[in-house]
$ cat target-v6.tsv   # TSV, N, CA, C and O atoms
chain	number	residue	atom	x	y	z
A	1	MET	N	126.85	140.46	103.03
A	1	MET	CA	126.22	139.80	104.12
A	1	MET	C	124.71	139.85	103.97
A	1	MET	O	124.04	138.88	104.29
A	2	ASN	N	124.18	140.95	103.47
A	2	ASN	CA	122.74	141.05	103.31
A	2	ASN	C	122.20	140.00	102.36
A	2	ASN	O	121.14	139.42	102.61
A	3	ASN	N	122.92	139.76	101.27
A	3	ASN	CA	122.47	138.73	100.32
A	3	ASN	C	122.45	137.35	100.97
A	3	ASN	O	121.54	136.56	100.75
A	4	ALA	N	123.45	137.06	101.77
A	4	ALA	CA	123.50	135.76	102.45
A	4	ALA	C	122.33	135.62	103.42
A	4	ALA	O	121.68	134.58	103.48
A	5	GLN	N	122.03	136.68	104.16
A	5	GLN	CA	120.91	136.64	105.10
A	5	GLN	C	119.57	136.49	104.38
A	5	GLN	O	118.70	135.77	104.84
A	6	LYS	N	119.44	137.14	103.23
A	6	LYS	CA	118.21	137.01	102.44
A	6	LYS	C	118.02	135.58	101.95
A	6	LYS	O	116.91	135.11	101.79
A	7	PHE	N	119.11	134.90	101.70
A	7	PHE	CA	119.05	133.53	101.20
A	7	PHE	C	118.75	132.52	102.31
A	7	PHE	O	117.89	131.67	102.17
A	8	VAL	N	119.47	132.61	103.42
A	8	VAL	CA	119.34	131.59	104.47
A	8	VAL	C	118.21	131.87	105.45
A	8	VAL	O	117.66	130.94	106.04
A	9	GLY	N	117.85	133.14	105.64
A	9	GLY	CA	116.80	133.49	106.59
A	9	GLY	C	115.47	132.79	106.33
A	9	GLY	O	114.91	132.16	107.23
A	10	PRO	N	114.94	132.88	105.11
A	10	PRO	CA	113.66	132.22	104.84
A	10	PRO	C	113.71	130.69	104.99
A	10	PRO	O	112.69	130.05	105.16
A	11	LEU	N	114.89	130.13	104.94
A	11	LEU	CA	115.05	128.68	105.10
A	11	LEU	C	115.26	128.29	106.55
A	11	LEU	O	115.48	127.12	106.86
A	12	GLY	N	115.24	129.28	107.44
A	12	GLY	CA	115.44	129.01	108.86
A	12	GLY	C	116.89	128.95	109.26
A	12	GLY	O	117.22	128.54	110.37
A	13	GLY	N	117.78	129.38	108.38
A	13	GLY	CA	119.21	129.33	108.68
A	13	GLY	C	119.71	130.59	109.33
A	13	GLY	O	118.98	131.57	109.52
A	14	MET	N	120.97	130.56	109.72
A	14	MET	CA	121.61	131.73	110.32
A	14	MET	C	123.08	131.76	109.90
A	14	MET	O	123.66	130.72	109.61
A	15	ILE	N	123.65	132.94	109.86
A	15	ILE	CA	125.06	133.11	109.55
A	15	ILE	C	125.83	132.88	110.84
A	15	ILE	O	125.65	133.59	111.82
A	16	ALA	N	126.69	131.87	110.86
A	16	ALA	CA	127.42	131.51	112.07
A	16	ALA	C	128.86	132.01	112.05
A	16	ALA	O	129.47	132.17	113.09
A	17	ALA	N	129.39	132.27	110.87
A	17	ALA	CA	130.77	132.74	110.75
A	17	ALA	C	130.95	133.44	109.41
A	17	ALA	O	130.18	133.20	108.47
A	18	GLU	N	131.94	134.30	109.34
A	18	GLU	CA	132.25	135.00	108.10
A	18	GLU	C	133.67	134.65	107.66
A	18	GLU	O	134.57	134.57	108.49
A	19	TYR	N	133.83	134.43	106.39
A	19	TYR	CA	135.14	134.16	105.80
A	19	TYR	C	135.24	135.05	104.56
A	19	TYR	O	134.55	134.85	103.59
A	20	PHE	N	136.09	136.07	104.64
A	20	PHE	CA	136.19	137.02	103.55
A	20	PHE	C	137.65	137.34	103.27
A	20	PHE	O	138.35	137.87	104.13
A	21	ASP	N	138.11	137.01	102.09
A	21	ASP	CA	139.50	137.27	101.69
A	21	ASP	C	139.60	138.64	101.03
A	21	ASP	O	139.27	138.80	99.86
A	22	VAL	N	140.02	139.64	101.78
A	22	VAL	CA	140.17	141.00	101.27
A	22	VAL	C	141.36	141.05	100.32
A	22	VAL	O	142.45	140.57	100.64
A	23	GLY	N	141.13	141.59	99.14
A	23	GLY	CA	142.20	141.80	98.19
A	23	GLY	C	142.66	140.55	97.46
A	23	GLY	O	143.70	140.57	96.80
A	24	GLN	N	141.93	139.47	97.57
A	24	GLN	CA	142.31	138.23	96.88
A	24	GLN	C	141.41	138.01	95.67
A	24	GLN	O	140.19	138.13	95.76
A	25	SER	N	142.01	137.66	94.57
A	25	SER	CA	141.26	137.36	93.36
A	25	SER	C	140.56	136.01	93.51
A	25	SER	O	141.09	135.09	94.12
A	26	ARG	N	139.36	135.92	92.94
A	26	ARG	CA	138.66	134.63	92.97
A	26	ARG	C	139.37	133.59	92.11
A	26	ARG	O	139.07	132.40	92.20
A	27	SER	N	140.29	134.03	91.27
A	27	SER	CA	141.03	133.08	90.44
A	27	SER	C	142.11	132.33	91.23
A	27	SER	O	142.62	131.32	90.78
A	28	VAL	N	142.46	132.85	92.41
A	28	VAL	CA	143.43	132.18	93.27
A	28	VAL	C	142.74	130.98	93.92
A	28	VAL	O	141.64	131.10	94.45
A	29	PRO	N	143.35	129.80	93.87
A	29	PRO	CA	142.73	128.62	94.46
A	29	PRO	C	142.41	128.82	95.95
A	29	PRO	O	143.15	129.52	96.65
A	30	TRP	N	141.33	128.21	96.41
A	30	TRP	CA	140.90	128.37	97.80
A	30	TRP	C	142.01	128.03	98.77
A	30	TRP	O	142.17	128.67	99.79
A	31	GLU	N	142.78	127.01	98.48
A	31	GLU	CA	143.84	126.57	99.38
A	31	GLU	C	144.93	127.62	99.57
A	31	GLU	O	145.70	127.56	100.51
A	32	ARG	N	144.99	128.59	98.66
A	32	ARG	CA	146.02	129.63	98.74
A	32	ARG	C	145.48	130.96	99.26
A	32	ARG	O	146.20	131.95	99.28
A	33	ARG	N	144.21	130.99	99.67
A	33	ARG	CA	143.62	132.19	100.27
A	33	ARG	C	143.39	131.92	101.74
A	33	ARG	O	142.82	130.91	102.11
A	34	ARG	N	143.84	132.82	102.61
A	34	ARG	CA	143.82	132.60	104.06
A	34	ARG	C	142.42	132.26	104.59
A	34	ARG	O	142.22	131.28	105.28
A	35	GLU	N	141.44	133.08	104.31
A	35	GLU	CA	140.10	132.86	104.85
A	35	GLU	C	139.42	131.66	104.19
A	35	GLU	O	138.70	130.90	104.84
A	36	ALA	N	139.64	131.47	102.91
A	36	ALA	CA	139.07	130.31	102.23
A	36	ALA	C	139.66	129.03	102.81
A	36	ALA	O	138.94	128.03	102.99
A	37	GLU	N	140.93	129.05	103.13
A	37	GLU	CA	141.58	127.89	103.75
A	37	GLU	C	140.96	127.60	105.12
A	37	GLU	O	140.72	126.45	105.48
A	38	ARG	N	140.66	128.67	105.88
A	38	ARG	CA	139.99	128.48	107.18
A	38	ARG	C	138.60	127.87	107.00
A	38	ARG	O	138.19	127.01	107.78
A	39	LEU	N	137.88	128.31	105.98
A	39	LEU	CA	136.55	127.77	105.69
A	39	LEU	C	136.65	126.29	105.35
A	39	LEU	O	135.89	125.46	105.87
A	40	LEU	N	137.57	125.92	104.48
A	40	LEU	CA	137.75	124.51	104.12
A	40	LEU	C	138.09	123.67	105.34
A	40	LEU	O	137.57	122.56	105.50
A	41	ALA	N	138.95	124.19	106.21
A	41	ALA	CA	139.32	123.47	107.42
A	41	ALA	C	138.10	123.30	108.33
A	41	ALA	O	137.89	122.23	108.91
A	42	ALA	N	137.28	124.35	108.45
A	42	ALA	CA	136.08	124.27	109.29
A	42	ALA	C	135.11	123.23	108.75
A	42	ALA	O	134.50	122.48	109.52
A	43	LEU	N	134.96	123.16	107.44
A	43	LEU	CA	134.04	122.19	106.84
A	43	LEU	C	134.51	120.76	107.05
A	43	LEU	O	133.70	119.84	107.16
A	44	LYS	N	135.82	120.57	107.12
A	44	LYS	CA	136.38	119.23	107.32
A	44	LYS	C	136.41	118.81	108.78
A	44	LYS	O	136.60	117.63	109.08
A	45	ASP	N	136.21	119.76	109.69
A	45	ASP	CA	136.28	119.48	111.13
A	45	ASP	C	135.10	118.62	111.56
A	45	ASP	O	133.96	119.06	111.51
A	46	PRO	N	135.32	117.39	112.01
A	46	PRO	CA	134.23	116.52	112.42
A	46	PRO	C	133.54	117.00	113.71
A	46	PRO	O	132.43	116.56	114.01
A	47	ASN	N	134.16	117.92	114.44
A	47	ASN	CA	133.58	118.42	115.70
A	47	ASN	C	132.85	119.75	115.53
A	47	ASN	O	132.43	120.33	116.52
A	48	ARG	N	132.71	120.22	114.30
A	48	ARG	CA	132.03	121.50	114.11
A	48	ARG	C	130.56	121.38	114.45
A	48	ARG	O	129.96	120.32	114.32
A	49	VAL	N	130.00	122.46	114.89
A	49	VAL	CA	128.59	122.50	115.25
A	49	VAL	C	127.79	122.84	114.00
A	49	VAL	O	128.11	123.79	113.30
A	50	GLU	N	126.78	122.08	113.75
A	50	GLU	CA	125.93	122.31	112.60
A	50	GLU	C	124.53	122.64	113.09
A	50	GLU	O	123.94	121.86	113.83
A	51	CYS	N	124.05	123.79	112.73
A	51	CYS	CA	122.72	124.23	113.17
A	51	CYS	C	121.70	123.92	112.08
A	51	CYS	O	121.89	124.28	110.93
A	52	ARG	N	120.65	123.26	112.46
A	52	ARG	CA	119.57	122.97	111.52
A	52	ARG	C	118.24	123.30	112.18
A	52	ARG	O	118.11	123.26	113.38
A	53	GLY	N	117.26	123.58	111.35
A	53	GLY	CA	115.94	123.86	111.87
A	53	GLY	C	115.70	125.35	112.06
A	53	GLY	O	116.57	126.16	111.83
A	54	ARG	N	114.51	125.68	112.47
A	54	ARG	CA	114.13	127.09	112.66
A	54	ARG	C	114.46	127.53	114.07
A	54	ARG	O	114.31	126.79	115.02
A	55	TRP	N	114.89	128.80	114.19
A	55	TRP	CA	115.22	129.37	115.50
A	55	TRP	C	114.14	130.33	115.91
A	55	TRP	O	113.58	131.05	115.27

$ encode --input "target-v6.tsv" --output "structure tokens"
Amino acid sequence: MNNAQKFVGPLGGMIAAEYFDVGQSRSVPWERRREAERLLAALKDPNRVECRGRW
């Protein structure tokens, strides 16, 4: 999480949600990992809130 905050903070971004697949290999396709599947679904959701700009 610290690395993500270091990356998005200076750009004015914020961490809005976490998706972490515990015990899953990165070699497993995203569609077969529970949290990765939730992330893909969130990205496809046309009603998701997108935050832009500095807070």

$ select_by_dssp --input "target-v6.tsv" --residues "chain A" --states "helix (DSSP H, G or I)" --output "number ranges by chain"
A: 2-11, 30-32, 34-44

$ atom_distance --input "target-v6.tsv" --atom1 "atom CA of Glu35 of chain A" --atom2 "atom CA of Asp21 of chain A"
5.5 Å

$ atom_distance --input "target-v6.tsv" --atom1 "atom C of Ser25 of chain A" --atom2 "atom N of Glu37 of chain A"
11.9 Å

$ atom_distance --input "target-v6.tsv" --atom1 "atom CA of Lys44 of chain A" --atom2 "atom CA of Tyr19 of chain A"
15.1 Å

$ residues_around --input "target-v6.tsv" --residues "Ala4 of chain A" --least-positions-apart "4" --cutoff "7 Å" --atoms "only N, CA, C and O atoms" --output "list in words"
Val8, Gly9 and Ile15 of chain A

$ residues_near_point --input "target-v6.tsv" --point "(128.9, 136.9, 106.0)" --cutoff "8 Å" --atoms "all atoms listed in the file" --output "list in words"
Met1, Asn2, Ala4, Gln5, Ile15, Ala16, Ala17, Glu18, Tyr19 and Phe20 of chain A
